[in-house]
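Participant: One structure, pasted below without further comment.
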Amino acid sequence: MRYPVQRLNAADSDGRGGVVASTQRVATGEGVTWTVLGDDYRVAEPVEQYLEYLRSRDCSPNTIKSYARGISLWWTFLERRGQAWDAVGVTELGTFIGQLRRGSVTEDVVLLRGQARAADSTVASRARAVMGFYRYQASRGVEVAGRLYETVQARPGSYLPFLEHVARRTGRRSSVVKVRVRTKPVPVLLPRQMASIREAEASWDAAGAVWSGELRYRLLWTLLEETGLRLGEALGLRHCDWKTGTGTTAQVEVVHREDHPHGLRAKSGHRRIFIGSALDRLYGDWVWALCEAGADAELDDWDNAYIFCNLHRGRRFAPIRPESVYGHLGVVKQRIPALPGGMTPHWYRHTHATALLLAGVPMHVVSRRLGHADVQTTINTYAHVTEDAELKACADWQKITQAWGADDER
């Protein structure tokens, strides 16, 4: 894929006054993507080859954007030093990571005064993009890229990644440059907090037998709470994806599509998520509300219409934007002081996974429900949940010692 030479519409800042003008948004016939430009405002060909490889693997535009951003910082780092991309080693990568931590990739001088440091997760994300670029180049036979990886022997564990049996015999290629990220417990919502959000959105008027309030958002929050869907996955649902229970358990199908007007895609591909009857009835009430608003008459193709759509602003019955959801949540948090100020819709996903694990649901089942590509991702994110539950089981020391006595009596 080649793009015309062009100047950037806006320059990015590295946080120190240095200009990093090398990430370019590109609109194509297949949608929006991203590329990396050098300081001459031309496409960086080696990087574009890698990004095109990611596109061929059907990576989402957001993934392309994140990787392009990380590699663009690396490209700027190389250009400021006058160094070729295929003539680097561990020393250069270490210097680059150090500069990422300090918030600038254009300065080699370390200031002897206090300064804000970039988050470990941000640094790791940028470094991961660069090492992915060199992993790809190593597969193409670039010698310097191959030296940035080592072969390590695989070790058996409780949960094994896909094709781990192959890695046991041949070993696994591992980057020699890694960024350690301090793990933090994921944020969760308490049951009373989630209940307060639902009640603040819409309530059932028994006398009039109608819902009052924002039934659309009550359905959205309840769906996120009960399924652990990502916000983008929920907003991308169409009516044909909701399989109402008629003698069977209701379910929601997450389907991979690339034609959402706002670029939303199912990150994990296709999967089915079974839901309860109360959530299914709530969806039925929302469908009835849409019909009363005239959706059944206005929409030409009901099955392919989006469940979560505009009613008050924008084009009626068009899919709602994620930004609108975040803006609405900000208003809700002002109305409910008990809600954490930093809460986002993704907290529902963490809460869902945490609740399942505390209830004893096996890790691999939770991983499939969340749509993780590898169970190791679930373990890395939620291992503290099962560990805490196991350690709490040791708290009732009296009960444990009583069991010893029972064994002696037998």
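To be explicit about the labels: the chains of the structure tokens are called A, B, and onward in the order shown, and within each one the residues are counted from 1, while ligands get numbers from 1 in the order they are shown.
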So that I can check the surroundings of Leu311 in chain A, please list as a list in words every protein, DNA and RNA residue that reaches within 9 Å of it, counting only C-alpha atoms and ignoring chain neighbours fewer than 4 positions away.
Facilitator: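 Here the answer would be Leu290, Ala293, Arg315, Arg316, Phe317 and Ala318 of chain A.
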Participant: Can you tell me, as JSON, numbers by chain, what residues are no more than 10 Å from range 333-338 of chain A when counting only C-alpha atoms, ignoring any on the same chain fewer than 3 positions away?
Facilitator: {"A": [192, 193, 196, 197, 200, 328, 329, 330, 341, 342, 343]}
Participant: Selected residues, C-alpha atoms, written as a PDB file, in the first residue's frame, please.
Facilitator:
```pdb
ATOM      1  CA  ARG A 192     -24.919  -1.628  44.970  1.00  0.00           C
ATOM      2  CA  GLN A 193     -23.060   0.756  42.650  1.00  0.00           C
ATOM      3  CA  SER A 196     -27.699   2.529  41.535  1.00  0.00           C
ATOM      4  CA  ILE A 197     -26.656   3.133  37.917  1.00  0.00           C
ATOM      5  CA  ALA A 200     -30.753   6.136  37.836  1.00  0.00           C
ATOM      6  CA  HIS A 328     -23.532  10.246  29.243  1.00  0.00           C
ATOM      7  CA  LEU A 329     -21.598   8.298  31.891  1.00  0.00           C
ATOM      8  CA  GLY A 330     -19.958  11.544  32.999  1.00  0.00           C
ATOM      9  CA  GLY A 341     -14.578   9.317  39.533  1.00  0.00           C
ATOM     10  CA  GLY A 342     -12.334   7.287  37.235  1.00  0.00           C
ATOM     11  CA  MET A 343     -14.988   4.739  36.308  1.00  0.00           C
TER      12      MET A 343
END
```
Participant: Among range 160-312 of chain A, which residues does DSSP mark as strand (DSSP E or B) when it is run on the backbone? Keep the chain and numbering as in the structure and answer as a list in words.
Facilitator: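 Residues meeting the strand (DSSP E or B) criterion: Arg172, Arg173, Ser174, Ser175, Ala202, Ser203, Trp204, Asp205, Val210, Trp211, Ser212, Gly213, Arg238, Trp242, Lys243, Gln251, Val252, Glu253, Val254, Arg271, Arg272, Ile273, Phe274, Tyr306 and Cys309 of chain A.
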Participant: Quick one: distance from CA of His346 in chain A to CA of Glu199 in chain A in Å, one decimal?
Facilitator: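 Taking CA of His346 in chain A as the start and CA of Glu199 in chain A as the end point, the length is 19.5 Å.
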Participant: Need the shell around Glu201 in chain A: protein/DNA/RNA residues with any atom at most 12 Å away, counting only C-alpha atoms. Skip same-chain ones fewer than 2 positions apart. Format as an NGL selection string?
Facilitator: :A and (194-199 or 203-204 or 211-222 or 328-329 or 331-333 or 335-336)
Participant: Step one, run DSSP on the backbone; step two, keep only residues of range 272-363 of chain A assigned to alpha helix (DSSP H); then write them as an NGL selection string.
Facilitator: :A and (277-292 or 295-298 or 322-335 or 346-358 or 363)
Participant: Identify, on the basis of only C-alpha atoms, every residue whose closest approach to His260 in chain A does not exceed 12 Å; exclude the query and any residue fewer than 6 positions from it along the same chain; express the result as a PyMOL selection string.
Facilitator: chain A and resi 30-32+232-233+235-238+266+304-306+318-321
Participant: How about saving the chosen residues, N, CA, C and O atoms kept, as a short mmCIF file (atom, residue, chain, number, x, y, z; two decimals), in the first residue's frame?
Facilitator:
```
data_model
loop_
_atom_site.label_atom_id
_atom_site.label_comp_id
_atom_site.auth_asym_id
_atom_site.auth_seq_id
_atom_site.Cartn_x
_atom_site.Cartn_y
_atom_site.Cartn_z
N GLU A 30 -11.20 1.04 2.10
CA GLU A 30 -11.58 0.01 3.07
C GLU A 30 -11.76 0.58 4.48
O GLU A 30 -12.00 -0.17 5.42
N GLY A 31 -11.61 1.89 4.63
CA GLY A 31 -11.76 2.51 5.94
C GLY A 31 -10.54 3.32 6.31
O GLY A 31 -9.69 3.62 5.47
N VAL A 32 -10.43 3.63 7.60
CA VAL A 32 -9.33 4.45 8.10
C VAL A 32 -8.20 3.56 8.59
O VAL A 32 -8.43 2.53 9.22
N GLY A 232 -17.21 -1.51 22.66
CA GLY A 232 -17.31 -1.54 21.21
C GLY A 232 -18.08 -2.74 20.71
O GLY A 232 -18.81 -2.66 19.72
N GLU A 233 -17.93 -3.88 21.39
CA GLU A 233 -18.67 -5.08 21.00
C GLU A 233 -20.16 -4.90 21.24
O GLU A 233 -20.99 -5.32 20.44
N LEU A 235 -21.86 -1.98 21.39
CA LEU A 235 -22.42 -0.99 20.47
C LEU A 235 -22.49 -1.51 19.04
O LEU A 235 -23.22 -0.96 18.21
N GLY A 236 -21.72 -2.55 18.73
CA GLY A 236 -21.75 -3.12 17.39
C GLY A 236 -22.80 -4.19 17.20
O GLY A 236 -22.95 -4.72 16.09
N LEU A 237 -23.56 -4.51 18.26
CA LEU A 237 -24.59 -5.55 18.15
C LEU A 237 -25.76 -5.09 17.27
O LEU A 237 -26.22 -3.96 17.38
N ARG A 238 -26.23 -6.00 16.45
CA ARG A 238 -27.42 -5.77 15.64
C ARG A 238 -28.55 -6.64 16.19
O ARG A 238 -28.31 -7.58 16.93
N ALA A 266 -15.48 -6.25 16.48
CA ALA A 266 -15.35 -7.26 17.53
C ALA A 266 -13.89 -7.68 17.60
O ALA A 266 -13.37 -8.29 16.67
N ASN A 304 -30.63 -5.99 10.59
CA ASN A 304 -29.27 -5.45 10.52
C ASN A 304 -29.17 -4.05 11.12
O ASN A 304 -28.12 -3.42 11.00
N ALA A 305 -30.24 -3.58 11.75
CA ALA A 305 -30.18 -2.30 12.45
C ALA A 305 -29.47 -2.50 13.79
O ALA A 305 -29.52 -3.58 14.39
N TYR A 306 -28.82 -1.45 14.27
CA TYR A 306 -28.05 -1.54 15.51
C TYR A 306 -28.97 -1.40 16.71
O TYR A 306 -29.87 -0.55 16.73
N ALA A 318 -29.70 5.80 14.01
CA ALA A 318 -28.33 5.51 13.59
C ALA A 318 -27.54 5.00 14.80
O ALA A 318 -27.88 5.31 15.94
N PRO A 319 -26.49 4.20 14.61
CA PRO A 319 -25.75 3.66 15.74
C PRO A 319 -25.13 4.75 16.60
O PRO A 319 -24.63 5.76 16.09
N ILE A 320 -25.17 4.53 17.90
CA ILE A 320 -24.65 5.52 18.84
C ILE A 320 -23.12 5.47 18.85
O ILE A 320 -22.51 4.42 18.62
N ARG A 321 -22.51 6.59 19.11
CA ARG A 321 -21.05 6.68 19.16
C ARG A 321 -20.53 6.34 20.56
O ARG A 321 -21.19 6.66 21.55
#
```
Participant: Which residue out of A:Leu356, A:Leu73, A:Val47, A:Val179 has the minimum interatomic distance to Ser22 in chain A when only C-alpha atoms are used?
Facilitator: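 Among A:Leu356, A:Leu73, A:Val47, A:Val179, it is A:Leu73 that comes nearest to Ser22 in chain A.
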Participant: Just give me the gap between CA of Gly269 in chain A and CA of Gly371 in chain A in Å, one decimal is fine.
Facilitator: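 CA of Gly269 in chain A sits 7.8 Å away from CA of Gly371 in chain A.
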Participant: Show which residues sit within 6 Å of Val36 in chain A, as a list in words. Count only C-alpha atoms, and ignore same-chain residues fewer than 5 positions away.
Facilitator: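 Counting only the stated atoms, we get Ser22, Thr23, Gln24, Val43, Ala44 and Ser72 of chain A.
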Participant: For Ala234 in chain A, which of A:His270, A:Val254, A:Gln402, A:Cys59 is the closest residue, counting only C-alpha atoms?
Facilitator: A:Val254
Participant: Find the residues around range 226-228 of chain A up to 7 Å (only C-alpha atoms counted), leave out those fewer than 4 positions away in its own chain, and share them as a ChimeraX atom specification.
Facilitator: /A:222,273,348-349,352-353,370
